[in-house]
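As stored in structure38.pdb (PDB, C-alpha atoms and all ligand atoms):
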ATOM      1  CA  MET A  30     -93.731   8.172  -3.231
ATOM      2  CA  GLN A  31     -92.738   6.367  -6.427
ATOM      3  CA  THR A  32     -95.444   5.748  -8.998
ATOM      4  CA  LEU A  33     -96.465   2.423 -10.555
ATOM      5  CA  ASN A  34     -98.491   1.863 -13.732
ATOM      6  CA  ILE A  35     -99.997  -1.570 -14.310
ATOM      7  CA  ILE A  36    -100.748  -2.916 -17.774
ATOM      8  CA  GLY A  37    -102.877  -6.043 -17.371
ATOM      9  CA  ALA A  38    -104.259  -5.956 -13.843
ATOM     10  CA  GLY A  39    -105.649  -9.495 -13.856
ATOM     11  CA  GLN A  40    -105.209 -12.150 -11.158
ATOM     12  CA  LEU A  41    -101.563 -11.323 -10.474
ATOM     13  CA  GLY A  42    -101.504  -7.623 -11.394
ATOM     14  CA  LYS A  43    -104.389  -6.553  -9.184
ATOM     15  CA  THR A  44    -103.109  -8.583  -6.208
ATOM     16  CA  LEU A  45     -99.654  -7.005  -6.377
ATOM     17  CA  GLY A  46    -101.240  -3.596  -7.000
ATOM     18  CA  ARG A  47    -103.353  -3.830  -3.858
ATOM     19  CA  LEU A  48    -100.534  -5.153  -1.684
ATOM     20  CA  TRP A  49     -98.158  -2.412  -2.832
ATOM     21  CA  HIS A  50    -100.863   0.217  -2.407
ATOM     22  CA  GLN A  51    -101.635  -0.989   1.136
ATOM     23  CA  SER A  52     -97.942  -1.167   2.047
ATOM     24  CA  GLY A  53     -97.532   2.456   0.959
ATOM     25  CA  LEU A  54     -94.559   1.483  -1.197
ATOM     26  CA  PHE A  55     -95.940   2.672  -4.528
ATOM     27  CA  ARG A  56     -98.595   5.113  -5.532
ATOM     28  CA  ILE A  57    -100.687   3.111  -7.993
ATOM     29  CA  GLN A  58    -101.093   5.687 -10.685
ATOM     30  CA  SER A  59    -102.863   4.095 -13.622
ATOM     31  CA  ILE A  60    -104.177   0.755 -14.861
ATOM     32  CA  HIS A  61    -104.753  -0.337 -18.419
ATOM     33  CA  ASN A  62    -106.511  -3.599 -19.259
ATOM     34  CA  ARG A  63    -107.828  -4.847 -22.570
ATOM     35  CA  THR A  64    -111.248  -3.419 -21.729
ATOM     36  CA  LEU A  65    -111.912  -0.269 -19.717
ATOM     37  CA  ARG A  66    -114.544  -2.130 -17.705
ATOM     38  CA  SER A  67    -111.998  -4.720 -16.558
ATOM     39  CA  GLY A  68    -109.541  -1.906 -15.742
ATOM     40  CA  GLN A  69    -112.205  -0.204 -13.610
ATOM     41  CA  ALA A  70    -112.961  -3.466 -11.765
ATOM     42  CA  ALA A  71    -109.223  -3.881 -11.082
ATOM     43  CA  ARG A  72    -109.099  -0.288  -9.818
ATOM     44  CA  GLU A  73    -111.925  -1.108  -7.391
ATOM     45  CA  PHE A  74    -110.039  -4.183  -6.154
ATOM     46  CA  ILE A  75    -106.762  -2.293  -5.708
ATOM     47  CA  GLY A  76    -108.452   0.717  -4.115
ATOM     48  CA  ALA A  77    -106.279   3.206  -5.986
ATOM     49  CA  GLY A  78    -105.273   4.362  -9.448
ATOM     50  CA  GLN A  79    -107.079   5.467 -12.539
ATOM     51  CA  ALA A  80    -108.318   3.115 -15.250
ATOM     52  CA  CYS A  81    -107.057   4.287 -18.646
ATOM     53  CA  PRO A  82    -108.741   3.230 -21.899
ATOM     54  CA  THR A  83    -105.506   3.206 -23.929
ATOM     55  CA  LEU A  84    -101.778   2.752 -23.451
ATOM     56  CA  GLN A  85    -101.165   6.248 -24.745
ATOM     57  CA  SER A  86    -103.463   7.823 -22.130
ATOM     58  CA  MET A  87    -101.418   6.400 -19.217
ATOM     59  CA  PRO A  88     -99.338   9.082 -17.476
ATOM     60  CA  VAL A  89     -95.551   8.728 -17.121
ATOM     61  CA  ALA A  90     -94.533   6.575 -14.117
ATOM     62  CA  ASP A  91     -91.364   5.444 -12.292
ATOM     63  CA  TYR A  92     -92.309   1.731 -12.491
ATOM     64  CA  TRP A  93     -94.276  -0.184 -15.110
ATOM     65  CA  LEU A  94     -95.620  -3.676 -14.436
ATOM     66  CA  ILE A  95     -96.596  -5.534 -17.626
ATOM     67  CA  ALA A  96     -98.821  -8.277 -16.205
ATOM     68  CA  CYS A  97    -100.772  -9.444 -19.237
ATOM     69  CA  GLN A  98    -100.542 -13.002 -20.607
ATOM     70  CA  ASP A  99     -96.995 -14.015 -21.611
ATOM     71  CA  SER A 100     -97.878 -14.043 -25.315
ATOM     72  CA  GLU A 101     -98.717 -10.295 -25.182
ATOM     73  CA  ILE A 102     -95.641  -9.052 -23.304
ATOM     74  CA  SER A 103     -93.285  -8.429 -26.243
ATOM     75  CA  ALA A 104     -95.969  -6.734 -28.340
ATOM     76  CA  LEU A 105     -96.850  -4.436 -25.441
ATOM     77  CA  ALA A 106     -93.163  -3.643 -24.850
ATOM     78  CA  LYS A 107     -92.898  -2.657 -28.520
ATOM     79  CA  ARG A 108     -95.910  -0.358 -28.224
ATOM     80  CA  LEU A 109     -94.529   1.101 -24.975
ATOM     81  CA  SER A 110     -91.176   1.788 -26.632
ATOM     82  CA  LYS A 111     -92.895   4.403 -28.773
ATOM     83  CA  ARG A 112     -93.751   6.415 -25.635
ATOM     84  CA  PRO A 113     -91.205   8.772 -24.002
ATOM     85  CA  ASP A 114     -90.961   6.587 -20.852
ATOM     86  CA  ASN A 115     -88.098   4.309 -21.825
ATOM     87  CA  ARG A 116     -85.448   6.481 -20.325
ATOM     88  CA  GLU A 117     -82.773   5.761 -17.748
ATOM     89  CA  GLY A 118     -84.217   5.574 -14.240
ATOM     90  CA  THR A 119     -87.556   4.090 -15.283
ATOM     91  CA  VAL A 120     -88.132   0.421 -14.373
ATOM     92  CA  PHE A 121     -90.143  -1.936 -16.578
ATOM     93  CA  PHE A 122     -90.833  -5.472 -15.399
ATOM     94  CA  HIS A 123     -93.026  -8.469 -16.075
ATOM     95  CA  CYS A 124     -93.900 -11.451 -13.868
ATOM     96  CA  SER A 125     -93.736 -14.347 -16.312
ATOM     97  CA  GLY A 126     -92.084 -17.514 -15.052
ATOM     98  CA  ALA A 127     -91.111 -18.674 -18.532
ATOM     99  CA  LEU A 128     -89.838 -15.446 -20.148
ATOM    100  CA  SER A 129     -86.751 -13.525 -19.116
ATOM    101  CA  SER A 130     -86.251  -9.770 -19.018
ATOM    102  CA  GLU A 131     -84.990 -10.034 -22.616
ATOM    103  CA  ALA A 132     -88.659  -9.791 -23.654
ATOM    104  CA  LEU A 133     -88.387  -6.116 -22.608
ATOM    105  CA  ASP A 134     -85.049  -5.386 -24.362
ATOM    106  CA  ILE A 135     -86.667  -2.857 -26.663
ATOM    107  CA  LEU A 136     -87.392  -0.628 -23.639
ATOM    108  CA  ARG A 137     -83.753   0.158 -22.893
ATOM    109  CA  PRO A 138     -82.144   2.473 -21.761
ATOM    110  CA  ALA A 139     -84.779   1.984 -19.038
ATOM    111  CA  SER A 140     -83.901  -0.705 -16.503
ATOM    112  CA  ILE A 141     -85.692  -4.023 -17.164
ATOM    113  CA  ALA A 142     -86.380  -7.144 -15.097
ATOM    114  CA  SER A 143     -88.518 -10.233 -14.752
ATOM    115  CA  ALA A 144     -89.907 -11.068 -11.289
ATOM    116  CA  HIS A 145     -91.780 -14.357 -11.017
ATOM    117  CA  PRO A 146     -93.723 -14.993  -7.800
ATOM    118  CA  VAL A 147     -93.746 -18.736  -7.092
ATOM    119  CA  HIS A 148     -97.392 -18.552  -6.135
ATOM    120  CA  SER A 149    -100.753 -19.427  -7.639
ATOM    121  CA  PHE A 150    -103.029 -16.377  -7.925
ATOM    122  CA  ALA A 151    -106.134 -18.489  -8.604
ATOM    123  CA  ASP A 152    -108.090 -16.439  -6.033
ATOM    124  CA  PRO A 153    -106.708 -12.877  -5.667
ATOM    125  CA  LEU A 154    -108.531 -12.267  -2.371
ATOM    126  CA  ARG A 155    -106.872 -15.322  -0.824
ATOM    127  CA  SER A 156    -103.528 -14.343  -2.340
ATOM    128  CA  LEU A 157    -103.569 -11.097  -0.363
ATOM    129  CA  ASP A 158    -103.015 -13.232   2.743
ATOM    130  CA  SER A 159    -101.080 -16.158   1.281
ATOM    131  CA  LEU A 160     -98.549 -14.407  -0.996
ATOM    132  CA  PRO A 161     -96.381 -13.174   1.910
ATOM    133  CA  GLY A 162     -93.830 -15.912   2.607
ATOM    134  CA  SER A 163     -93.649 -16.929  -1.084
ATOM    135  CA  SER A 164     -90.479 -16.578  -3.131
ATOM    136  CA  VAL A 165     -89.964 -14.370  -6.163
ATOM    137  CA  ALA A 166     -87.386 -15.348  -8.819
ATOM    138  CA  LEU A 167     -85.710 -12.205 -10.049
ATOM    139  CA  GLU A 168     -83.366 -11.490 -12.944
ATOM    140  CA  GLY A 169     -82.498  -8.507 -15.111
ATOM    141  CA  ASP A 170     -80.628  -5.207 -14.853
ATOM    142  CA  GLY A 171     -78.990  -4.233 -11.561
ATOM    143  CA  PRO A 172     -81.042  -1.083 -10.824
ATOM    144  CA  ALA A 173     -84.352  -2.842 -11.592
ATOM    145  CA  THR A 174     -83.582  -6.028  -9.648
ATOM    146  CA  ARG A 175     -82.306  -4.084  -6.612
ATOM    147  CA  ALA A 176     -85.402  -1.890  -6.526
ATOM    148  CA  LEU A 177     -87.820  -4.768  -7.122
ATOM    149  CA  GLY A 178     -86.099  -6.935  -4.530
ATOM    150  CA  GLY A 179     -86.938  -4.227  -1.974
ATOM    151  CA  ALA A 180     -90.478  -3.844  -3.321
ATOM    152  CA  PHE A 181     -91.246  -7.579  -3.000
ATOM    153  CA  ASN A 182     -89.555  -7.775   0.413
ATOM    154  CA  ALA A 183     -91.863  -4.964   1.536
ATOM    155  CA  ILE A 184     -94.914  -7.189   0.902
ATOM    156  CA  GLY A 185     -93.348 -10.190   2.673
ATOM    157  CA  CYS A 186     -91.782 -12.085  -0.269
ATOM    158  CA  GLU A 187     -88.353 -13.736  -0.312
ATOM    159  CA  ILE A 188     -86.078 -13.177  -3.307
ATOM    160  CA  ILE A 189     -84.128 -15.786  -5.237
ATOM    161  CA  THR A 190     -82.002 -14.850  -8.235
ATOM    162  CA  ILE A 191     -82.118 -16.771 -11.495
ATOM    163  CA  GLU A 192     -80.161 -16.531 -14.752
ATOM    164  CA  ALA A 193     -82.126 -15.513 -17.837
ATOM    165  CA  ARG A 194     -80.982 -18.624 -19.743
ATOM    166  CA  HIS A 195     -82.430 -20.918 -17.054
ATOM    167  CA  LYS A 196     -85.905 -19.415 -16.881
ATOM    168  CA  SER A 197     -87.683 -21.972 -19.053
ATOM    169  CA  LEU A 198     -86.412 -24.971 -17.046
ATOM    170  CA  TYR A 199     -86.928 -23.127 -13.777
ATOM    171  CA  HIS A 200     -90.532 -22.474 -14.799
ATOM    172  CA  ALA A 201     -91.063 -26.113 -15.789
ATOM    173  CA  GLY A 202     -90.185 -26.930 -12.164
ATOM    174  CA  SER A 203     -93.062 -24.738 -10.956
ATOM    175  CA  VAL A 204     -95.418 -26.170 -13.598
ATOM    176  CA  PHE A 205     -94.760 -29.731 -12.364
ATOM    177  CA  ALA A 206     -95.324 -28.889  -8.709
ATOM    178  CA  CYS A 207     -98.271 -26.520  -9.100
ATOM    179  CA  ASN A 208    -100.158 -27.048 -12.373
ATOM    180  CA  TYR A 209     -99.537 -30.783 -12.621
ATOM    181  CA  LEU A 210    -100.455 -31.290  -8.984
ATOM    182  CA  THR A 211    -103.802 -29.613  -9.708
ATOM    183  CA  THR A 212    -104.292 -31.856 -12.742
ATOM    184  CA  LEU A 213    -103.411 -34.916 -10.637
ATOM    185  CA  VAL A 214    -106.127 -33.977  -8.149
ATOM    186  CA  ASP A 215    -108.564 -33.716 -11.065
ATOM    187  CA  LEU A 216    -107.524 -37.179 -12.340
ATOM    188  CA  SER A 217    -107.968 -38.513  -8.838
ATOM    189  CA  LEU A 218    -111.504 -37.023  -8.644
ATOM    190  CA  ARG A 219    -112.375 -38.578 -12.031
ATOM    191  CA  SER A 220    -111.165 -41.970 -10.835
ATOM    192  CA  PHE A 221    -113.188 -41.659  -7.611
ATOM    193  CA  ALA A 222    -116.243 -40.618  -9.662
ATOM    194  CA  ALA A 223    -115.866 -43.796 -11.763
ATOM    195  CA  ALA A 224    -115.830 -45.705  -8.468
ATOM    196  CA  GLY A 225    -119.143 -44.068  -7.486
ATOM    197  CA  ILE A 226    -117.746 -41.538  -4.996
ATOM    198  CA  GLU A 227    -119.250 -38.106  -5.587
ATOM    199  CA  ARG A 228    -117.086 -34.981  -5.719
ATOM    200  CA  GLY A 229    -117.892 -33.585  -2.245
ATOM    201  CA  SER A 230    -117.015 -36.837  -0.476
ATOM    202  CA  ALA A 231    -113.963 -37.316  -2.705
ATOM    203  CA  LEU A 232    -112.596 -33.861  -1.866
ATOM    204  CA  LYS A 233    -113.189 -34.551   1.829
ATOM    205  CA  LEU A 234    -111.321 -37.850   1.756
ATOM    206  CA  LEU A 235    -108.524 -36.411  -0.395
ATOM    207  CA  ALA A 236    -107.790 -33.323   1.703
ATOM    208  CA  PRO A 237    -105.876 -35.007   4.560
ATOM    209  CA  ILE A 238    -103.844 -37.314   2.312
ATOM    210  CA  VAL A 239    -102.935 -34.585  -0.203
ATOM    211  CA  LEU A 240    -101.885 -32.193   2.559
ATOM    212  CA  GLN A 241    -100.018 -34.952   4.419
ATOM    213  CA  THR A 242     -98.210 -36.016   1.235
ATOM    214  CA  ALA A 243     -97.247 -32.402   0.495
ATOM    215  CA  ARG A 244     -95.927 -31.998   4.052
ATOM    216  CA  ASN A 245     -93.971 -35.269   3.844
ATOM    217  CA  ASN A 246     -92.401 -34.238   0.540
ATOM    218  CA  MET A 247     -91.376 -30.828   1.852
ATOM    219  CA  THR A 248     -89.817 -32.259   5.008
ATOM    220  CA  LEU A 249     -88.610 -35.763   4.070
ATOM    221  CA  GLY A 250     -88.063 -35.317   0.297
ATOM    222  CA  PRO A 251     -89.747 -37.384  -2.474
ATOM    223  CA  GLU A 252     -87.602 -40.534  -2.021
ATOM    224  CA  LYS A 253     -88.775 -41.067   1.564
ATOM    225  CA  SER A 254     -92.351 -39.908   0.893
ATOM    226  CA  LEU A 255     -93.181 -42.397  -1.869
ATOM    227  CA  THR A 256     -95.553 -45.163  -0.773
ATOM    228  CA  GLY A 257     -98.072 -47.299  -2.691
ATOM    229  CA  PRO A 258     -98.029 -50.178  -5.185
ATOM    230  CA  ILE A 259     -95.114 -48.995  -7.340
ATOM    231  CA  ALA A 260     -92.852 -48.337  -4.333
ATOM    232  CA  ARG A 261     -93.744 -51.855  -3.087
ATOM    233  CA  GLY A 262     -93.250 -53.459  -6.513
ATOM    234  CA  ASP A 263     -96.864 -54.740  -6.452
ATOM    235  CA  LEU A 264     -97.289 -55.753 -10.098
ATOM    236  CA  ASP A 265    -100.784 -57.246  -9.850
ATOM    237  CA  THR A 266    -102.265 -54.101  -8.343
ATOM    238  CA  VAL A 267    -100.650 -51.894 -10.976
ATOM    239  CA  SER A 268    -101.760 -54.199 -13.787
ATOM    240  CA  ASN A 269    -105.391 -54.240 -12.525
ATOM    241  CA  GLN A 270    -105.459 -50.476 -12.215
ATOM    242  CA  VAL A 271    -104.194 -50.009 -15.785
ATOM    243  CA  GLU A 272    -106.882 -52.400 -17.110
ATOM    244  CA  ASN A 273    -109.687 -50.734 -15.134
ATOM    245  CA  LEU A 274    -108.605 -47.233 -16.122
ATOM    246  CA  ILE A 275    -108.535 -48.246 -19.798
ATOM    247  CA  SER A 276    -112.174 -49.280 -19.483
ATOM    248  CA  VAL A 277    -113.101 -45.897 -17.934
ATOM    249  CA  ASP A 278    -111.032 -43.548 -20.104
ATOM    250  CA  PRO A 279    -107.920 -44.481 -22.155
ATOM    251  CA  GLN A 280    -106.495 -40.984 -21.612
ATOM    252  CA  MET A 281    -106.546 -41.525 -17.837
ATOM    253  CA  ALA A 282    -104.807 -44.870 -18.347
ATOM    254  CA  ARG A 283    -102.108 -43.143 -20.453
ATOM    255  CA  CYS A 284    -101.529 -40.560 -17.670
ATOM    256  CA  TYR A 285    -101.308 -43.370 -15.103
ATOM    257  CA  ARG A 286     -98.730 -45.187 -17.233
ATOM    258  CA  HIS A 287     -96.553 -42.144 -17.983
ATOM    259  CA  LEU A 288     -96.535 -40.976 -14.384
ATOM    260  CA  GLY A 289     -96.058 -44.554 -13.254
ATOM    261  CA  LEU A 290     -92.805 -44.729 -15.223
ATOM    262  CA  ALA A 291     -91.550 -41.575 -13.475
ATOM    263  CA  CYS A 292     -92.691 -43.160 -10.211
ATOM    264  CA  VAL A 293     -90.604 -46.307 -10.951
ATOM    265  CA  ALA A 294     -87.527 -44.115 -11.552
ATOM    266  CA  LEU A 295     -88.112 -42.459  -8.173
ATOM    267  CA  ALA A 296     -88.724 -45.822  -6.434
ATOM    268  CA  GLN A 297     -85.417 -47.114  -7.877
ATOM    269  CA  ARG A 298     -83.644 -44.449  -5.807
ATOM    270  CA  GLY A 299     -85.202 -46.274  -2.821
ATOM    271  CA  PRO A 300     -85.548 -49.988  -2.020
ATOM    272  CA  LEU A 301     -87.335 -51.138  -5.246
ATOM    273  CA  SER A 302     -85.428 -54.122  -6.680
ATOM    274  CA  GLU A 303     -84.053 -54.089 -10.252
ATOM    275  CA  LYS A 304     -86.208 -57.117 -11.088
ATOM    276  CA  SER A 305     -89.445 -55.434  -9.935
ATOM    277  CA  ALA A 306     -88.462 -52.194 -11.660
ATOM    278  CA  THR A 307     -87.881 -53.984 -14.979
ATOM    279  CA  ARG A 308     -91.249 -55.759 -14.811
ATOM    280  CA  LEU A 309     -93.059 -52.551 -13.841
ATOM    281  CA  ILE A 310     -91.415 -50.666 -16.726
ATOM    282  CA  GLU A 311     -92.580 -53.363 -19.171
ATOM    283  CA  LEU A 312     -96.100 -53.197 -17.767
ATOM    284  CA  LEU A 313     -96.335 -49.410 -17.805
ATOM    285  CA  SER A 314     -94.715 -48.811 -21.201
ATOM    286  CA  GLU A 315     -97.198 -48.077 -23.973
ATOM    287  CA  PRO A 316     -98.131 -51.243 -25.855
ATOM    288  CA  PRO A 317     -96.579 -51.313 -29.364
ATOM    289  CA  ARG A 318     -98.977 -49.902 -31.988
TER     290      ARG A 318
HETATM  291  N1  LIG A 401    -101.874 -16.418 -12.294
HETATM  292  C1  LIG A 401    -100.810 -16.891 -11.656
HETATM  293  O1  LIG A 401    -100.943 -17.714 -10.752
HETATM  294  C2  LIG A 401     -99.423 -16.400 -12.020
HETATM  295  C3  LIG A 401     -98.335 -16.778 -11.188
HETATM  296  C4  LIG A 401     -97.069 -16.306 -11.479
HETATM  297  C5  LIG A 401     -96.868 -15.506 -12.598
HETATM  298  N2  LIG A 401     -97.927 -15.171 -13.404
HETATM  299  C6  LIG A 401     -97.665 -14.300 -14.567
HETATM  300  O2  LIG A 401     -98.401 -13.100 -14.408
HETATM  301  C7  LIG A 401     -98.801 -12.599 -15.681
HETATM  302  C8  LIG A 401    -100.300 -12.381 -15.674
HETATM  303  O3  LIG A 401    -100.966 -13.613 -15.447
HETATM  304  P1  LIG A 401    -102.470 -13.632 -14.858
HETATM  305  O4  LIG A 401    -102.787 -15.048 -14.542
HETATM  306  O5  LIG A 401    -102.605 -12.580 -13.821
HETATM  307  O6  LIG A 401    -103.292 -13.208 -16.158
HETATM  308  P2  LIG A 401    -104.836 -12.825 -16.254
HETATM  309  O7  LIG A 401    -105.543 -13.024 -14.950
HETATM  310  O8  LIG A 401    -105.364 -13.524 -17.470
HETATM  311  O9  LIG A 401    -104.811 -11.257 -16.531
HETATM  312  C9  LIG A 401    -104.239 -10.712 -17.681
HETATM  313  C10 LIG A 401    -104.651  -9.263 -17.758
HETATM  314  O10 LIG A 401    -103.978  -8.710 -18.891
HETATM  315  C11 LIG A 401    -104.893  -7.895 -19.596
HETATM  316  N3  LIG A 401    -104.457  -7.834 -20.990
HETATM  317  C12 LIG A 401    -104.295  -8.858 -21.866
HETATM  318  N4  LIG A 401    -103.848  -8.399 -23.053
HETATM  319  C13 LIG A 401    -103.723  -7.063 -22.904
HETATM  320  C14 LIG A 401    -103.330  -6.002 -23.781
HETATM  321  N5  LIG A 401    -102.955  -6.252 -25.053
HETATM  322  N6  LIG A 401    -103.323  -4.741 -23.306
HETATM  323  C15 LIG A 401    -103.696  -4.488 -22.020
HETATM  324  N7  LIG A 401    -104.091  -5.433 -21.153
HETATM  325  C16 LIG A 401    -104.101  -6.705 -21.590
HETATM  326  C17 LIG A 401    -106.245  -8.561 -19.405
HETATM  327  O11 LIG A 401    -107.253  -7.593 -19.610
HETATM  328  P3  LIG A 401    -108.825  -8.003 -19.615
HETATM  329  O12 LIG A 401    -109.173  -8.285 -18.179
HETATM  330  O13 LIG A 401    -109.512  -6.769 -20.128
HETATM  331  O14 LIG A 401    -108.959  -9.184 -20.515
HETATM  332  C18 LIG A 401    -106.146  -9.053 -17.954
HETATM  333  O15 LIG A 401    -106.587  -8.060 -17.065
HETATM  334  C19 LIG A 401     -98.304 -13.609 -16.720
HETATM  335  O16 LIG A 401     -97.052 -13.173 -17.216
HETATM  336  C20 LIG A 401     -98.129 -14.881 -15.907
HETATM  337  O17 LIG A 401     -97.138 -15.742 -16.465
HETATM  338  C21 LIG A 401     -99.190 -15.582 -13.132
END
Show the structure stored in the file as structure tokens.
Amino acid sequence: MQTLNIIGAGQLGKTLGRLWHQSGLFRIQSIHNRTLRSGQAAREFIGAGQACPTLQSMPVADYWLIACQDSEISALAKRLSKRPDNREGTVFFHCSGALSSEALDILRPASIASAHPVHSFADPLRSLDSLPGSSVALEGDGPATRALGGAFNAIGCEIITIEARHKSLYHAGSVFACNYLTTLVDLSLRSFAAAGIERGSALKLLAPIVLQTARNNMTLGPEKSLTGPIARGDLDTVSNQVENLISVDPQMARCYRHLGLACVALAQRGPLSEKSATRLIELLSEPPR
């Protein structure tokens, strides 16, 4: 069985490690985190491998996953390049959405790749069940991408290919849909709190509408899913909401305005009249300083 070393077995690294261990695809050989204690906890989660205190103490492996924060990837690749592992046949990869395989250039002649799972690993235990069915955006050298395509397929993931030069914009697409959606739910909870609705009740009343909206978007597309005051061109409602949000928190009002402008642009692809759109844009644009 081919061996895998993991540098940075955090939320993503330990989930992939456990899934690959359970699938019997890789033998998880060693794990190196910033602290040995964290590496040992990751080892417990994965159920295999040996926690190593340093990069140098990790044994040679066929595959190396560098799953630390994006800002650390290049520095770790540089340190790894001083080991004898960067030889033809070895595969090095990272899972950043924003960076391409070029971050690992220094490790050639090994084969390098980036493989970004379009998935949120906020809770690794849940991800063990929910990752299968997700897509992984893959780019890099032929041998690495072919091998990793098979490795991700083996744990139930679909592969899409992406060009290195498009990674930043591709990742922005995931940030909008995942991270910004989470932030929108938080803004919604803050607005409910200002209206006297406590968090538990707010989450309960939000769940069906958030899930329904997500389902509508995925099946009908955003143009047909948009409802509410901006889609209807209801200026008074929008104006009142801006005023009330300003009195609660000006930052929330700014978010409402900026997103509202994007909402007008979307509504214009539907039945919103030019006249209503123009008046909404005036209303939602930041007042001159
Ligand atoms: N989380 C997601 O939902 C998600 C989704 C798709 C892609 N990704 C990508 O996956 C990668 C990892 O993200 P994550 O959220 O899993 O990060 P994370 O939970 O913060 O884990 C990062 C791990 O890297 C270790 N680490 C940091 N610097 C290190 C160093 N210099 N040497 C050795 N280990 C080091 C940390 O060790 P300690 O535990 O000791 O601090 C930690 O275990 C990133 O490239 C990210 O863009 C993440």
Contacts between ligand LIG 401 (chain A) and chain A, please, where a residue of chain A counts if it comes within 9 Å (with all atoms listed in the file); show its shortest atom pair and distance in Å to one decimal, rows by chain and ascending number, as a Markdown table.
| residue | atom | partner | partner_atom | distance |
| --- | --- | --- | --- | --- |
| A:Ile35 | CA | A:LIG401 | N7 | 8.9 |
| A:Ile36 | CA | A:LIG401 | N7 | 5.4 |
| A:Gly37 | CA | A:LIG401 | O10 | 3.3 |
| A:Ala38 | CA | A:LIG401 | O15 | 4.5 |
| A:Gly39 | CA | A:LIG401 | O9 | 3.3 |
| A:Gln40 | CA | A:LIG401 | O5 | 3.7 |
| A:Leu41 | CA | A:LIG401 | O5 | 3.7 |
| A:Gly42 | CA | A:LIG401 | O5 | 5.6 |
| A:Lys43 | CA | A:LIG401 | O5 | 7.8 |
| A:Thr44 | CA | A:LIG401 | O5 | 8.6 |
| A:Ile60 | CA | A:LIG401 | N7 | 8.8 |
| A:His61 | CA | A:LIG401 | C15 | 5.6 |
| A:Asn62 | CA | A:LIG401 | N7 | 3.6 |
| A:Arg63 | CA | A:LIG401 | O13 | 3.5 |
| A:Thr64 | CA | A:LIG401 | O13 | 4.1 |
| A:Leu65 | CA | A:LIG401 | O13 | 6.9 |
| A:Arg66 | CA | A:LIG401 | O13 | 7.3 |
| A:Ser67 | CA | A:LIG401 | O13 | 4.8 |
| A:Gly68 | CA | A:LIG401 | O13 | 6.5 |
| A:Ala70 | CA | A:LIG401 | O12 | 8.9 |
| A:Ala71 | CA | A:LIG401 | O15 | 7.8 |
| A:Thr83 | CA | A:LIG401 | C15 | 8.1 |
| A:Leu84 | CA | A:LIG401 | C15 | 7.6 |
| A:Ile95 | CA | A:LIG401 | C7 | 7.7 |
| A:Ala96 | CA | A:LIG401 | C7 | 4.4 |
| A:Cys97 | CA | A:LIG401 | O10 | 3.3 |
| A:Gln98 | CA | A:LIG401 | C19 | 4.5 |
| A:Asp99 | CA | A:LIG401 | O16 | 4.5 |
| A:Ser100 | CA | A:LIG401 | O16 | 8.2 |
| A:Glu101 | CA | A:LIG401 | N5 | 5.9 |
| A:Ile102 | CA | A:LIG401 | O16 | 7.5 |
| A:Ala104 | CA | A:LIG401 | N5 | 7.7 |
| A:Leu105 | CA | A:LIG401 | N5 | 6.4 |
| A:His123 | CA | A:LIG401 | O16 | 6.3 |
| A:Cys124 | CA | A:LIG401 | C6 | 4.8 |
| A:Ser125 | CA | A:LIG401 | O16 | 3.6 |
| A:Gly126 | CA | A:LIG401 | O17 | 5.5 |
| A:Ala127 | CA | A:LIG401 | O17 | 7.0 |
| A:Leu128 | CA | A:LIG401 | O16 | 8.1 |
| A:Ala144 | CA | A:LIG401 | C5 | 8.4 |
| A:His145 | CA | A:LIG401 | C5 | 5.5 |
| A:Pro146 | CA | A:LIG401 | C4 | 5.1 |
| A:Val147 | CA | A:LIG401 | C4 | 6.0 |
| A:His148 | CA | A:LIG401 | C3 | 5.4 |
| A:Ser149 | CA | A:LIG401 | O1 | 3.6 |
| A:Phe150 | CA | A:LIG401 | O1 | 3.8 |
| A:Ala151 | CA | A:LIG401 | O1 | 5.7 |
| A:Asp152 | CA | A:LIG401 | O1 | 8.7 |
| A:Pro153 | CA | A:LIG401 | N1 | 8.9 |
Kindly give the distance, in Å, that separates CA of Gly76 (chain A) and CA of Leu33 (chain A), rounded to a single decimal.
13.7 Å
Where does the PyMOL selection byres (((chain A and resi 87) around 12) and not hetatm) land in this file, that is, which residues does it pick, as a list of chain:residue names?
A:Thr32, A:Leu33, A:Asn34, A:Ile35, A:Ile36, A:Ile57, A:Gln58, A:Ser59, A:Ile60, A:His61, A:Asn62, A:Gly78, A:Gln79, A:Ala80, A:Cys81, A:Pro82, A:Thr83, A:Leu84, A:Gln85, A:Ser86, A:Pro88, A:Val89, A:Ala90, A:Trp93, A:Leu109, A:Arg112, A:Pro113, A:Asp114
Which residue of A:Asp263, A:Glu303, A:Asp134, A:Glu315 approaches Arg286 (chain A) most closely, using only C-alpha atoms
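Looking only at the distances to Arg286 (chain A), the closest residue turns out to be A:Glu315.
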Test item: the PyMOL selection byres (((chain A and resi 297) around 12) and not hetatm) resolved as a list in words:
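On the file shown, the PyMOL selection byres (((chain A and resi 297) around 12) and not hetatm) covers Pro251, Glu252, Lys253, Leu255, Ile259, Ala260, Arg261, Gly262, Leu290, Ala291, Cys292, Val293, Ala294, Leu295, Ala296, Arg298, Gly299, Pro300, Leu301, Ser302, Glu303, Lys304, Ser305, Ala306, Thr307, Leu309 and Ile310 of chain A.
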Result set of the PyMOL selection byres (((chain A and resi 157-165) around 6) and not hetatm) on the coordinates above, as a CSV table (one decimal) with C-alpha atoms, keeping the file's coordinate frame:
chain,number,residue,atom,x,y,z
A,145,HIS,CA,-91.8,-14.4,-11.0
A,146,PRO,CA,-93.7,-15.0,-7.8
A,147,VAL,CA,-93.7,-18.7,-7.1
A,154,LEU,CA,-108.5,-12.3,-2.4
A,155,ARG,CA,-106.9,-15.3,-0.8
A,156,SER,CA,-103.5,-14.3,-2.3
A,166,ALA,CA,-87.4,-15.3,-8.8
A,185,GLY,CA,-93.3,-10.2,2.7
A,186,CYS,CA,-91.8,-12.1,-0.3
A,187,GLU,CA,-88.4,-13.7,-0.3
A,188,ILE,CA,-86.1,-13.2,-3.3
